[in-house]
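Visitor: Provided below: structure-v9.txt, containing compact mmCIF, C-alpha atoms.
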# COMPACT_ATOMS: atom_id res chain seq x y z
CA MET O 24 -121.14 -41.23 128.90
CA MET O 25 -124.42 -40.77 127.07
CA MET O 26 -125.39 -37.16 126.57
CA LYS O 27 -128.64 -35.79 125.22
CA LYS O 28 -128.42 -33.96 121.89
CA ARG O 29 -129.37 -30.75 123.66
CA SER O 30 -127.07 -29.75 126.48
CA ARG O 31 -128.82 -28.66 129.64
CA LEU O 32 -128.26 -26.11 132.31
CA ILE O 33 -129.60 -26.44 135.81
CA THR O 34 -129.57 -22.98 137.24
CA ALA O 35 -131.02 -21.06 140.12
CA LEU O 36 -132.97 -17.96 139.21
CA SER O 37 -133.96 -16.41 142.53
CA ALA O 38 -136.27 -18.85 144.31
CA ALA O 39 -137.52 -20.45 141.10
CA LEU O 40 -134.43 -22.63 140.53
CA LEU O 41 -135.14 -23.01 136.82
CA LEU O 42 -133.51 -25.89 134.99
CA THR O 43 -133.22 -24.62 131.44
CA VAL O 44 -132.48 -26.02 128.02
CA PRO O 45 -130.57 -23.74 125.62
CA LEU O 46 -132.56 -22.26 122.78
CA LEU O 47 -134.62 -24.57 120.61
CA ALA O 48 -136.15 -23.06 117.50
CA TYR O 49 -139.86 -23.63 117.10
CA GLY O 50 -140.96 -23.48 113.46
CA GLN O 51 -143.70 -21.10 112.46
CA SER O 52 -145.28 -23.89 110.44
CA GLN O 53 -145.55 -26.11 113.52
CA ASP O 54 -149.19 -27.17 113.88
CA ILE O 55 -150.15 -26.52 117.49
CA LEU O 56 -153.69 -27.70 116.86
CA ALA O 57 -152.81 -31.29 115.91
CA ASN O 58 -156.11 -32.62 117.25
CA SER O 59 -159.29 -33.98 115.79
CA PRO O 60 -161.43 -31.54 113.71
CA ALA O 61 -163.94 -31.25 116.56
CA GLU O 62 -161.19 -30.44 119.07
CA ASP O 63 -159.66 -27.93 116.68
CA ALA O 64 -163.02 -26.22 116.22
CA ALA O 65 -163.54 -25.97 119.98
CA THR O 66 -160.07 -24.51 120.47
CA ILE O 67 -160.58 -21.96 117.72
CA GLU O 68 -163.88 -20.97 119.27
CA GLN O 69 -162.16 -20.40 122.63
CA LEU O 70 -159.54 -18.23 120.90
CA LYS O 71 -162.35 -16.18 119.37
CA ILE O 72 -163.78 -15.66 122.86
CA PHE O 73 -160.36 -14.47 124.00
CA GLY O 74 -160.30 -11.99 121.12
CA ASP O 75 -163.78 -10.74 122.00
CA VAL O 76 -162.82 -10.24 125.64
CA LEU O 77 -159.69 -8.36 124.64
CA ALA O 78 -161.65 -6.08 122.31
CA ILE O 79 -164.28 -5.30 124.97
CA VAL O 80 -161.60 -4.53 127.59
CA LYS O 81 -159.77 -2.30 125.13
CA ASP O 82 -162.95 -0.42 124.26
CA GLN O 83 -164.82 -0.21 127.56
CA TYR O 84 -162.43 -0.60 130.52
CA VAL O 85 -162.48 2.40 132.88
CA ASP O 86 -158.82 3.24 132.09
CA GLU O 87 -156.92 3.01 128.86
CA VAL O 88 -155.09 -0.31 128.62
CA ASP O 89 -151.81 -1.33 127.02
CA ASP O 90 -152.65 -4.10 124.53
CA ALA O 91 -149.20 -5.69 124.59
CA LYS O 92 -149.09 -5.70 128.39
CA LEU O 93 -152.58 -7.16 128.62
CA ILE O 94 -151.74 -10.00 126.21
CA GLU O 95 -148.42 -10.67 127.94
CA THR O 96 -150.18 -10.91 131.29
CA ALA O 97 -152.81 -13.22 129.83
CA LEU O 98 -150.15 -15.52 128.39
CA ASN O 99 -148.26 -15.66 131.66
CA GLY O 100 -151.49 -16.31 133.55
CA ALA O 101 -152.23 -19.28 131.30
CA LEU O 102 -148.70 -20.65 131.64
CA ALA O 103 -148.61 -20.11 135.40
CA SER O 104 -151.68 -22.32 135.68
CA LEU O 105 -149.49 -25.17 134.36
CA ASP O 106 -146.55 -24.81 136.75
CA PRO O 107 -144.51 -21.99 138.35
CA HIS O 108 -141.56 -22.26 135.96
CA SER O 109 -143.31 -21.92 132.59
CA SER O 110 -143.61 -18.35 131.32
CA TYR O 111 -143.69 -16.07 128.32
CA VAL O 112 -140.58 -13.97 127.75
CA PRO O 113 -141.53 -10.72 125.97
CA PRO O 114 -139.43 -9.58 122.97
CA VAL O 115 -137.43 -6.84 124.70
CA GLU O 116 -136.54 -9.01 127.68
CA TYR O 117 -135.67 -11.95 125.41
CA GLU O 118 -133.40 -9.85 123.22
CA GLU O 119 -131.68 -8.50 126.32
CA GLN O 120 -131.07 -12.05 127.52
CA VAL O 121 -129.64 -13.07 124.15
CA GLU O 122 -127.41 -10.00 124.07
CA THR O 123 -126.24 -10.62 127.62
CA ASN O 124 -125.27 -14.16 126.66
CA ARG O 125 -123.21 -12.83 123.77
CA ARG O 126 -121.30 -10.30 125.84
CA GLU O 127 -118.47 -11.29 128.11
CA TYR O 128 -118.76 -9.82 131.58
CA GLY O 129 -115.97 -10.03 134.07
CA GLY O 130 -114.72 -9.23 137.51
CA ILE O 131 -111.42 -8.90 139.33
CA GLY O 132 -111.22 -12.37 140.85
CA VAL O 133 -111.72 -11.91 144.57
CA GLU O 134 -114.00 -13.22 147.29
CA VAL O 135 -114.90 -10.45 149.73
CA VAL O 136 -116.55 -9.93 153.10
CA SER O 137 -117.67 -6.80 154.93
CA GLU O 138 -115.47 -5.93 157.89
CA ASN O 139 -115.16 -2.67 159.87
CA GLU O 140 -117.25 -0.84 157.23
CA LEU O 141 -114.70 -1.81 154.58
CA ILE O 142 -114.51 -4.61 152.03
CA LYS O 143 -111.96 -7.23 152.99
CA ILE O 144 -110.38 -9.57 150.44
CA ASN O 145 -111.12 -12.96 151.88
CA TYR O 146 -109.59 -14.80 148.93
CA ALA O 147 -107.84 -13.70 145.73
CA VAL O 148 -107.93 -16.18 142.85
CA GLU O 149 -104.29 -16.95 142.15
CA ASP O 150 -104.54 -16.64 138.38
CA GLY O 151 -107.07 -13.79 138.57
CA PRO O 152 -106.58 -10.15 137.53
CA ALA O 153 -106.52 -8.73 141.08
CA TYR O 154 -103.87 -11.23 142.19
CA LYS O 155 -101.76 -10.39 139.15
CA ALA O 156 -102.05 -6.71 140.08
CA GLY O 157 -100.66 -7.39 143.56
CA VAL O 158 -103.87 -7.70 145.58
CA ARG O 159 -103.75 -10.39 148.27
CA SER O 160 -106.00 -12.05 150.85
CA GLY O 161 -106.28 -9.81 153.92
CA ASP O 162 -106.12 -6.56 151.94
CA TYR O 163 -109.00 -4.07 152.15
CA ILE O 164 -110.73 -2.15 149.35
CA THR O 165 -111.50 1.40 150.45
CA ARG O 166 -112.42 3.07 147.13
CA VAL O 167 -113.64 2.03 143.69
CA GLU O 168 -112.88 4.55 140.91
CA GLY O 169 -112.11 7.12 143.60
CA VAL O 170 -115.49 6.74 145.32
CA SER O 171 -115.39 5.70 148.97
CA ILE O 172 -117.22 2.47 149.77
CA ARG O 173 -116.88 2.82 153.53
CA GLY O 174 -120.14 1.89 155.26
CA LYS O 175 -121.89 0.62 152.11
CA ILE O 176 -123.68 -2.71 152.12
CA LEU O 177 -121.65 -5.43 150.47
CA ASP O 178 -123.62 -5.70 147.22
CA ASP O 179 -123.51 -1.95 146.61
CA ALA O 180 -119.84 -1.75 147.51
CA VAL O 181 -118.73 -4.39 145.01
CA GLU O 182 -121.07 -3.40 142.20
CA GLY O 183 -118.37 -1.23 140.62
CA LEU O 184 -115.95 -4.15 140.50
CA ARG O 185 -118.08 -5.91 137.90
CA GLY O 186 -118.09 -4.87 134.28
CA ILE O 187 -117.18 -5.78 130.72
CA LYS O 188 -114.22 -8.10 130.22
CA GLY O 189 -111.13 -6.08 129.28
CA ASP O 190 -112.25 -2.83 130.91
CA PRO O 191 -109.98 -1.43 133.65
CA VAL O 192 -111.13 -0.48 137.14
CA THR O 193 -109.10 1.50 139.68
CA ILE O 194 -109.39 0.34 143.28
CA THR O 195 -107.74 1.74 146.37
CA ILE O 196 -106.10 -1.01 148.40
CA LEU O 197 -105.23 -0.83 152.07
CA THR O 198 -102.76 -3.45 153.24
CA PRO O 199 -102.49 -3.47 157.04
CA GLY O 200 -99.36 -1.57 158.11
CA GLN O 201 -98.90 0.07 154.70
CA THR O 202 -99.99 3.29 152.98
CA PRO O 203 -103.16 2.99 150.84
CA ARG O 204 -102.36 2.61 147.14
CA ASP O 205 -104.31 2.76 143.88
CA VAL O 206 -104.27 -0.39 141.80
CA VAL O 207 -105.54 -0.66 138.22
CA VAL O 208 -107.10 -4.06 137.55
CA ILE O 209 -108.20 -5.25 134.12
CA ARG O 210 -111.50 -7.08 134.43
CA ASP O 211 -111.61 -10.60 133.09
CA GLN O 212 -113.80 -13.65 133.19
CA VAL O 213 -112.70 -15.30 136.39
CA ARG O 214 -113.41 -18.77 137.56
CA GLY O 215 -113.73 -18.72 141.32
CA ARG O 216 -113.03 -21.67 143.57
CA ALA O 217 -115.26 -24.48 142.40
CA VAL O 218 -114.73 -26.62 145.48
CA ARG O 219 -113.24 -26.15 148.93
CA HIS O 220 -111.60 -28.94 150.86
CA ARG O 221 -109.88 -29.74 154.12
CA MET O 222 -109.19 -32.62 156.49
CA ILE O 223 -111.41 -32.78 159.58
CA ARG O 224 -110.51 -35.29 162.27
CA ASP O 225 -108.58 -37.34 159.67
CA ILE O 226 -111.63 -37.46 157.36
CA GLY O 227 -111.67 -35.75 153.96
CA TYR O 228 -114.22 -32.97 153.46
CA ILE O 229 -115.24 -31.22 150.23
CA PHE O 230 -117.81 -28.45 149.94
CA ILE O 231 -119.40 -27.88 146.53
CA GLU O 232 -121.24 -24.58 146.55
CA THR O 233 -122.53 -24.69 142.97
CA PHE O 234 -122.39 -26.78 139.83
CA SER O 235 -122.33 -23.66 137.63
CA ASN O 236 -118.61 -23.99 136.94
CA ASP O 237 -117.30 -25.88 133.95
CA LYS O 238 -114.06 -26.75 135.78
CA LEU O 239 -115.80 -28.18 138.83
CA THR O 240 -114.95 -31.82 138.14
CA ARG O 241 -111.31 -31.04 137.46
CA ASP O 242 -111.03 -28.97 140.63
CA THR O 243 -112.81 -31.62 142.65
CA LEU O 244 -110.36 -34.27 141.48
CA VAL O 245 -107.47 -31.98 142.40
CA ALA O 246 -109.02 -31.51 145.85
CA LEU O 247 -109.49 -35.26 146.30
CA GLU O 248 -105.88 -35.95 145.34
CA ALA O 249 -104.69 -33.27 147.76
CA LEU O 250 -106.76 -34.80 150.56
CA GLN O 251 -105.47 -38.24 149.68
CA ALA O 252 -101.87 -37.03 149.87
CA GLU O 253 -102.53 -35.32 153.19
CA ALA O 254 -104.03 -38.55 154.53
CA GLY O 255 -100.87 -40.43 153.61
CA GLY O 256 -101.99 -42.13 150.43
CA LYS O 257 -105.54 -43.29 151.19
CA LEU O 258 -108.58 -41.46 152.50
CA PRO O 259 -110.35 -43.35 155.31
CA GLY O 260 -113.58 -41.52 154.49
CA LEU O 261 -115.07 -38.54 152.68
CA VAL O 262 -117.87 -36.05 153.38
CA ILE O 263 -119.43 -34.39 150.31
CA ASP O 264 -121.25 -31.25 151.45
CA LEU O 265 -124.07 -30.20 149.08
CA ARG O 266 -126.06 -28.15 151.57
CA GLY O 267 -127.36 -24.93 150.07
CA ASN O 268 -126.17 -25.96 146.60
CA ARG O 269 -128.85 -24.65 144.24
CA GLY O 270 -127.73 -26.37 141.06
CA GLY O 271 -125.64 -25.67 137.99
CA LEU O 272 -124.49 -27.55 134.91
CA LEU O 273 -126.01 -30.94 134.25
CA ASN O 274 -122.84 -32.31 132.65
CA GLU O 275 -120.89 -31.37 135.79
CA SER O 276 -123.37 -33.23 137.99
CA ILE O 277 -122.85 -36.32 135.81
CA SER O 278 -119.05 -36.07 135.77
CA ILE O 279 -118.92 -35.40 139.53
CA SER O 280 -121.02 -38.54 140.00
CA SER O 281 -118.53 -40.35 137.76
CA LEU O 282 -115.80 -39.67 140.33
CA PHE O 283 -117.66 -41.86 142.81
CA LEU O 284 -119.43 -44.38 140.54
CA ASP O 285 -117.91 -47.04 138.31
CA GLY O 286 -120.13 -46.37 135.31
CA GLY O 287 -123.85 -47.05 135.35
CA GLU O 288 -126.84 -44.74 135.38
CA VAL O 289 -126.75 -41.36 137.08
CA LEU O 290 -130.24 -40.15 136.11
CA SER O 291 -132.87 -40.28 133.41
CA SER O 292 -135.19 -37.69 131.93
CA ARG O 293 -138.71 -38.32 130.71
CA GLY O 294 -140.91 -36.03 128.67
CA ARG O 295 -144.42 -36.30 127.38
CA THR O 296 -143.76 -39.23 125.04
CA PRO O 297 -141.36 -42.21 125.16
CA ASP O 298 -139.31 -40.56 122.41
CA ASP O 299 -138.55 -37.72 124.83
CA SER O 300 -136.79 -40.01 127.31
CA GLU O 301 -133.03 -40.21 127.84
CA ARG O 302 -130.64 -41.95 130.23
CA TYR O 303 -127.38 -40.44 131.45
CA HIS O 304 -124.50 -42.65 132.53
CA ALA O 305 -121.34 -42.12 134.53
CA GLU O 306 -117.95 -42.86 133.04
CA ALA O 307 -116.20 -46.03 134.14
CA GLY O 308 -113.59 -45.66 136.86
CA GLU O 309 -113.93 -43.93 140.22
CA PHE O 310 -111.78 -42.33 142.85
CA GLN O 311 -110.82 -44.78 145.62
CA PRO O 312 -113.70 -47.27 145.11
CA ASP O 313 -113.72 -48.61 148.68
CA MET O 314 -113.75 -45.19 150.35
CA PRO O 315 -116.78 -44.64 152.64
CA ILE O 316 -118.81 -41.58 151.63
CA MET O 317 -121.32 -39.40 153.48
CA VAL O 318 -123.35 -36.81 151.54
CA LEU O 319 -124.84 -33.81 153.36
CA ILE O 320 -128.04 -32.22 151.99
CA ASN O 321 -130.74 -29.83 153.21
CA SER O 322 -133.81 -28.05 151.90
CA GLY O 323 -131.53 -25.69 149.94
CA SER O 324 -129.95 -28.53 147.94
CA ALA O 325 -131.55 -28.47 144.49
CA SER O 326 -131.36 -29.66 140.89
CA ALA O 327 -127.79 -30.80 140.10
CA ALA O 328 -127.07 -31.30 143.80
CA GLU O 329 -130.10 -33.57 144.05
CA ILE O 330 -128.96 -35.52 141.00
CA VAL O 331 -125.57 -36.28 142.60
CA ALA O 332 -127.05 -37.12 146.02
CA GLY O 333 -129.72 -39.31 144.43
CA ALA O 334 -127.22 -41.19 142.29
CA ILE O 335 -124.88 -41.92 145.20
CA GLN O 336 -127.83 -42.96 147.36
CA ASP O 337 -129.59 -45.15 144.80
CA ARG O 338 -126.38 -46.84 143.71
CA GLY O 339 -125.41 -47.68 147.29
CA ARG O 340 -122.18 -45.73 147.04
CA GLY O 341 -122.72 -43.73 150.19
CA ILE O 342 -125.07 -42.57 152.94
CA VAL O 343 -127.07 -39.34 152.60
CA LEU O 344 -127.53 -37.34 155.81
CA GLY O 345 -129.43 -34.15 156.65
CA SER O 346 -132.93 -33.00 155.71
CA ARG O 347 -135.07 -33.53 152.61
CA SER O 348 -133.82 -31.56 149.61
CA PHE O 349 -135.64 -28.88 147.60
CA GLY O 350 -137.30 -31.08 144.96
CA LYS O 351 -136.51 -29.28 141.69
CA GLY O 352 -136.80 -32.13 139.23
CA SER O 353 -138.08 -30.54 136.03
CA VAL O 354 -136.44 -29.05 132.95
CA GLN O 355 -137.54 -25.91 131.13
CA SER O 356 -136.95 -25.50 127.39
CA VAL O 357 -136.48 -21.95 126.10
CA ILE O 358 -138.25 -21.84 122.73
CA PRO O 359 -137.85 -18.72 120.54
CA LEU O 360 -141.06 -17.67 118.81
CA VAL O 361 -140.27 -17.04 115.15
CA THR O 362 -143.03 -14.48 114.68
CA ASP O 363 -141.41 -11.04 114.33
CA GLY O 364 -140.95 -9.63 117.80
CA GLY O 365 -142.55 -12.69 119.34
CA GLY O 366 -140.14 -13.20 122.21
CA ALA O 367 -139.77 -16.71 123.59
CA LEU O 368 -141.53 -19.38 125.60
CA ARG O 369 -140.01 -20.97 128.69
CA LEU O 370 -141.84 -24.27 128.98
CA THR O 371 -141.50 -27.24 131.31
CA THR O 372 -140.82 -30.24 129.07
CA GLU O 373 -139.31 -33.04 131.19
CA ARG O 374 -138.91 -34.52 134.67
CA TYR O 375 -135.71 -35.98 136.09
CA TYR O 376 -135.49 -39.38 137.80
CA THR O 377 -132.88 -41.02 140.01
CA PRO O 378 -131.34 -44.39 138.95
CA SER O 379 -134.03 -46.32 140.83
CA GLY O 380 -136.73 -44.49 138.85
CA LYS O 381 -137.84 -42.04 141.54
CA SER O 382 -138.88 -38.59 140.36
CA ILE O 383 -137.08 -35.74 142.13
CA GLN O 384 -139.89 -33.30 141.33
CA GLY O 385 -141.61 -31.99 144.44
CA ARG O 386 -140.32 -34.81 146.63
CA GLY O 387 -136.60 -34.14 146.57
CA ILE O 388 -134.07 -36.57 148.00
CA VAL O 389 -135.02 -38.06 151.38
CA PRO O 390 -131.85 -38.61 153.44
CA ASP O 391 -131.01 -42.04 154.80
CA ILE O 392 -130.38 -40.42 158.17
CA LYS O 393 -132.44 -37.39 159.18
CA VAL O 394 -130.27 -35.04 161.23
CA ALA O 395 -131.19 -31.47 162.16
CA SER O 396 -128.88 -28.48 162.38
CA PHE O 397 -130.49 -26.99 165.48
CA PRO O 398 -131.75 -28.36 168.80
CA ASP O 399 -135.43 -29.29 169.01
CA ASN O 400 -137.20 -26.40 170.74
CA GLY O 401 -140.67 -27.61 169.86
CA ASP O 402 -141.06 -25.31 166.83
CA ARG O 403 -141.31 -26.75 163.34
CA ARG O 404 -139.28 -24.67 160.92
CA LYS O 405 -141.25 -24.25 157.71
CA ARG O 406 -138.94 -24.82 154.76
CA PHE O 407 -139.61 -23.42 151.32
CA ARG O 408 -139.36 -26.17 148.72
CA GLU O 409 -140.50 -26.80 145.18
CA GLY O 410 -143.86 -28.02 146.44
CA SER O 411 -144.39 -24.67 148.15
CA PHE O 412 -144.94 -23.00 144.76
CA ARG O 413 -148.49 -22.50 143.59
CA ASN O 414 -149.36 -24.96 140.79
CA ALA O 415 -146.11 -26.87 141.34
CA LEU O 416 -145.65 -29.66 138.80
CA SER O 417 -146.88 -32.96 140.16
CA ASN O 418 -144.82 -36.03 140.92
CA PRO O 419 -146.00 -39.29 139.29
CA ASP O 420 -145.53 -40.91 142.69
CA ASP O 421 -148.47 -39.49 144.64
CA SER O 422 -147.63 -41.23 147.91
CA SER O 423 -147.20 -39.02 150.96
CA ILE O 424 -143.88 -37.24 151.43
CA GLU O 425 -144.60 -35.44 154.68
CA ASP O 426 -141.49 -34.83 156.76
CA ASP O 427 -141.20 -37.26 159.66
CA PHE O 428 -140.08 -35.14 162.59
CA GLU O 429 -140.25 -38.06 165.00
CA ASN O 430 -137.26 -39.80 163.43
CA VAL O 431 -134.92 -36.82 163.36
CA THR O 432 -131.72 -36.66 165.38
CA TYR O 433 -131.35 -33.22 166.97
CA PRO O 434 -128.28 -31.62 168.56
CA PRO O 435 -128.33 -31.67 172.37
CA GLU O 436 -129.59 -28.50 174.04
CA ASN O 437 -126.08 -27.54 175.15
CA TRP O 438 -124.61 -27.99 171.66
CA ASP O 439 -121.97 -25.39 170.76
CA GLU O 440 -123.52 -23.21 168.04
CA ASP O 441 -120.10 -22.74 166.45
CA LYS O 442 -119.96 -26.46 165.66
CA ASP O 443 -121.72 -28.10 162.72
CA PHE O 444 -123.83 -30.91 164.18
CA GLN O 445 -124.67 -32.50 160.82
CA LEU O 446 -121.04 -32.52 159.75
CA GLU O 447 -119.82 -33.81 163.10
CA THR O 448 -122.43 -36.59 163.00
CA ALA O 449 -121.33 -37.60 159.49
CA ILE O 450 -117.69 -37.78 160.60
CA ASP O 451 -118.63 -39.81 163.67
CA ILE O 452 -120.38 -42.33 161.42
CA LEU O 453 -117.40 -42.58 159.06
CA LYS O 454 -115.00 -43.21 161.94
CA THR O 455 -116.99 -46.16 163.30
CA SER O 456 -118.50 -49.41 162.06
CA ARG O 457 -121.89 -47.69 161.92
CA TYR O 458 -121.27 -46.70 158.30
CA ARG O 459 -121.21 -50.31 157.10
CA THR O 460 -124.21 -51.10 159.27
CA LEU O 461 -126.21 -48.27 157.71
CA LEU O 462 -125.28 -49.40 154.19
CA ALA O 463 -126.44 -52.88 155.04
CA GLU O 464 -129.71 -51.51 156.38
CA GLN O 465 -130.23 -49.82 153.01
CA GLY O 466 -129.72 -53.18 151.29
CA TRP O 467 -126.12 -52.75 150.18
Is it possible to express this structure as structure tokens?
Guide:
Amino acid sequence: MMMKKRSRLITALSAALLLTVPLLAYGQSQDILANSPAEDAATIEQLKIFGDVLAIVKDQYVDEVDDAKLIETALNGALASLDPHSSYVPPVEYEEQVETNRREYGGIGVEVVSENELIKINYAVEDGPAYKAGVRSGDYITRVEGVSIRGKILDDAVEGLRGIKGDPVTITILTPGQTPRDVVVIRDQVRGRAVRHRMIRDIGYIFIETFSNDKLTRDTLVALEALQAEAGGKLPGLVIDLRGNRGGLLNESISISSLFLDGGEVLSSRGRTPDDSERYHAEAGEFQPDMPIMVLINSGSASAAEIVAGAIQDRGRGIVLGSRSFGKGSVQSVIPLVTDGGGALRLTTERYYTPSGKSIQGRGIVPDIKVASFPDNGDRRKRFREGSFRNALSNPDDSSIEDDFENVTYPPENWDEDKDFQLETAIDILKTSRYRTLLAEQGW
């Protein structure tokens, strides 16, 4: 597998879904005005105008202004005019981010839901600290450090469970039919379930919620082997669910793709110059090469999820079903500014491309089969995607990408809302000859 010298992280930060590159030092001696003398002179003149404006505002504005805040806002205004993901990170915020990365935060290793005004343990990680302390799925948390959490919203209720790795937290556990008991749990870095799997109508199903887990590929292979064993030695088909997956680690998206591709390109990245380009390849060998695959995506599938879906689609390894994905196909480099107290610059430096050379940016992955989740009631649900951002980075392919609502398969009006129409449609396709027909229609 070819890997770029700088590892990359595709991560979701609120709605921005920033794909970031770990810190790259930017030398103070770097000449940012590497232009012709005339261009340099014009740029310097513009900087002088900026200084004049700043001085006038400082001296004459109706209220006293904070110089640092004014400059920070000006920098972010300039960067925001480029694209929505480039920004200036002020010194204090940057130092906090660096310090946060150095510290090890932890939890107690449980997945929880709100039920009857209490917090129910929906799943306890088997090698996690809570499980080791005797907490099990189905238990309820009633107090954290002696403070009742009854009636609190979920986020507020579990806030006290998080903390520094190694610190203890006392929780009150209620096991149905037993007396409440206090349990001391030592927080630790816990790796939650990276992938969930089950058999549905004799078809294998895996749901990947995020790629932000460095054990994802290992856990996915374990899940595939478990499904294979349950199917009696060979899976007749597999559904890979990437709906709502907002990204994660780039190397995991490549290695997950390697499970379903026998080598070859997964994606490429291209920067401003040819020297900034790189190609990423899957490892040779794949899980059950002749196994039919359906990939589910929607407008919430972004970054790493789009890379996997695009690779499987472009390489003819499976059929993609659902709605067009988010379209986050750019990478942001975090560049520390070496000037004392200068903070850092988060700057868009590259675009990602699928194996066929299509840019993900703004367009996303267009499914082979457009299938809706809800019946057609005449309304057009407006979906927030990368292109919805102001000043969104352009796509080199400027052809129209408007959603085609006429060629969408909708659930019937009497469809049971408790059933997943997209998933059921994918399984129907895998269980019939239609899968091979669809592959052939795509040229495979």
Visitor: Please, what distance in Å, to one decimal, runs between atom CA of Leu141 of chain O and atom CA of Arg269 of chain O?
Guide: 28.8 Å
Visitor: Hey, which bits of segment 197-296 of chain O sit within 8 Å of segment 375-396 of chain O, and for each residue what's the closest pair of atoms and how far apart in Å (one decimal), counting all atoms listed in the file, rows by chain and increasing number, as JSON lines?
Guide:
{"residue": "O:Glu288", "atom": "CA", "partner": "O:Pro378", "partner_atom": "CA", "distance": 5.8}
{"residue": "O:Val289", "atom": "CA", "partner": "O:Pro378", "partner_atom": "CA", "distance": 5.8}
{"residue": "O:Leu290", "atom": "CA", "partner": "O:Thr377", "partner_atom": "CA", "distance": 4.8}
{"residue": "O:Ser291", "atom": "CA", "partner": "O:Tyr376", "partner_atom": "CA", "distance": 5.2}
{"residue": "O:Ser292", "atom": "CA", "partner": "O:Tyr375", "partner_atom": "CA", "distance": 4.5}
{"residue": "O:Arg293", "atom": "CA", "partner": "O:Tyr375", "partner_atom": "CA", "distance": 6.6}
Visitor: Report, in Å to a single decimal, how far apart atom CA of Val354 of chain O and atom CA of Leu319 of chain O are.
Guide: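 Distance between the two atoms: 24.0 Å.
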Visitor: May I ask which of the residues O:Pro107, O:Gly255, O:Gly364, O:Gly200 is the closest one to Glu409 of chain O, counting only C-alpha atoms?
Guide: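 Between O:Pro107, O:Gly255, O:Gly364, O:Gly200, the residue approaching Glu409 of chain O most closely is O:Pro107.
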Visitor: Could the centre and edge lengths of an axis-aligned box, enclosing all atoms of segment 72-86 of chain O in the file with 5 Å extra on each side, be given in Å to one decimal as lines of an AutoDock Vina configuration file?
Guide:
center_x = -161.8
center_y = -6.2
center_z = 127.0
size_x = 16.0
size_y = 28.9
size_z = 21.8
Visitor: Write segment 267-279 of chain O as a short mmCIF file (atom, residue, chain, number, x, y, z; two decimals), in the coordinates of the input, completed to N, CA and C atoms.
Guide:
data_model
loop_
_atom_site.label_atom_id
_atom_site.label_comp_id
_atom_site.auth_asym_id
_atom_site.auth_seq_id
_atom_site.Cartn_x
_atom_site.Cartn_y
_atom_site.Cartn_z
N GLY O 267 -127.24 -26.27 150.65
CA GLY O 267 -127.36 -24.93 150.07
C GLY O 267 -126.96 -24.85 148.62
N ASN O 268 -126.59 -25.95 148.01
CA ASN O 268 -126.17 -25.96 146.60
C ASN O 268 -127.42 -25.94 145.72
N ARG O 269 -127.60 -24.86 144.97
CA ARG O 269 -128.85 -24.65 144.24
C ARG O 269 -128.78 -25.09 142.78
N GLY O 270 -127.75 -25.81 142.41
CA GLY O 270 -127.73 -26.37 141.06
C GLY O 270 -126.58 -25.87 140.22
N GLY O 271 -126.71 -26.05 138.89
CA GLY O 271 -125.64 -25.67 137.99
C GLY O 271 -125.71 -26.46 136.70
N LEU O 272 -124.57 -26.87 136.20
CA LEU O 272 -124.49 -27.55 134.91
C LEU O 272 -124.78 -29.05 135.06
N LEU O 273 -125.65 -29.53 134.21
CA LEU O 273 -126.01 -30.94 134.25
C LEU O 273 -124.79 -31.83 133.98
N ASN O 274 -123.99 -31.46 132.98
CA ASN O 274 -122.84 -32.31 132.65
C ASN O 274 -121.85 -32.39 133.81
N GLU O 275 -121.77 -31.32 134.63
CA GLU O 275 -120.89 -31.37 135.79
C GLU O 275 -121.46 -32.30 136.87
N SER O 276 -122.78 -32.32 137.00
CA SER O 276 -123.37 -33.23 137.99
C SER O 276 -123.12 -34.69 137.58
N ILE O 277 -123.11 -34.96 136.28
CA ILE O 277 -122.85 -36.32 135.81
C ILE O 277 -121.38 -36.68 135.99
N SER O 278 -120.48 -35.76 135.65
CA SER O 278 -119.05 -36.07 135.77
C SER O 278 -118.60 -36.11 137.23
N ILE O 279 -119.23 -35.29 138.10
CA ILE O 279 -118.92 -35.40 139.53
C ILE O 279 -119.37 -36.76 140.04
#
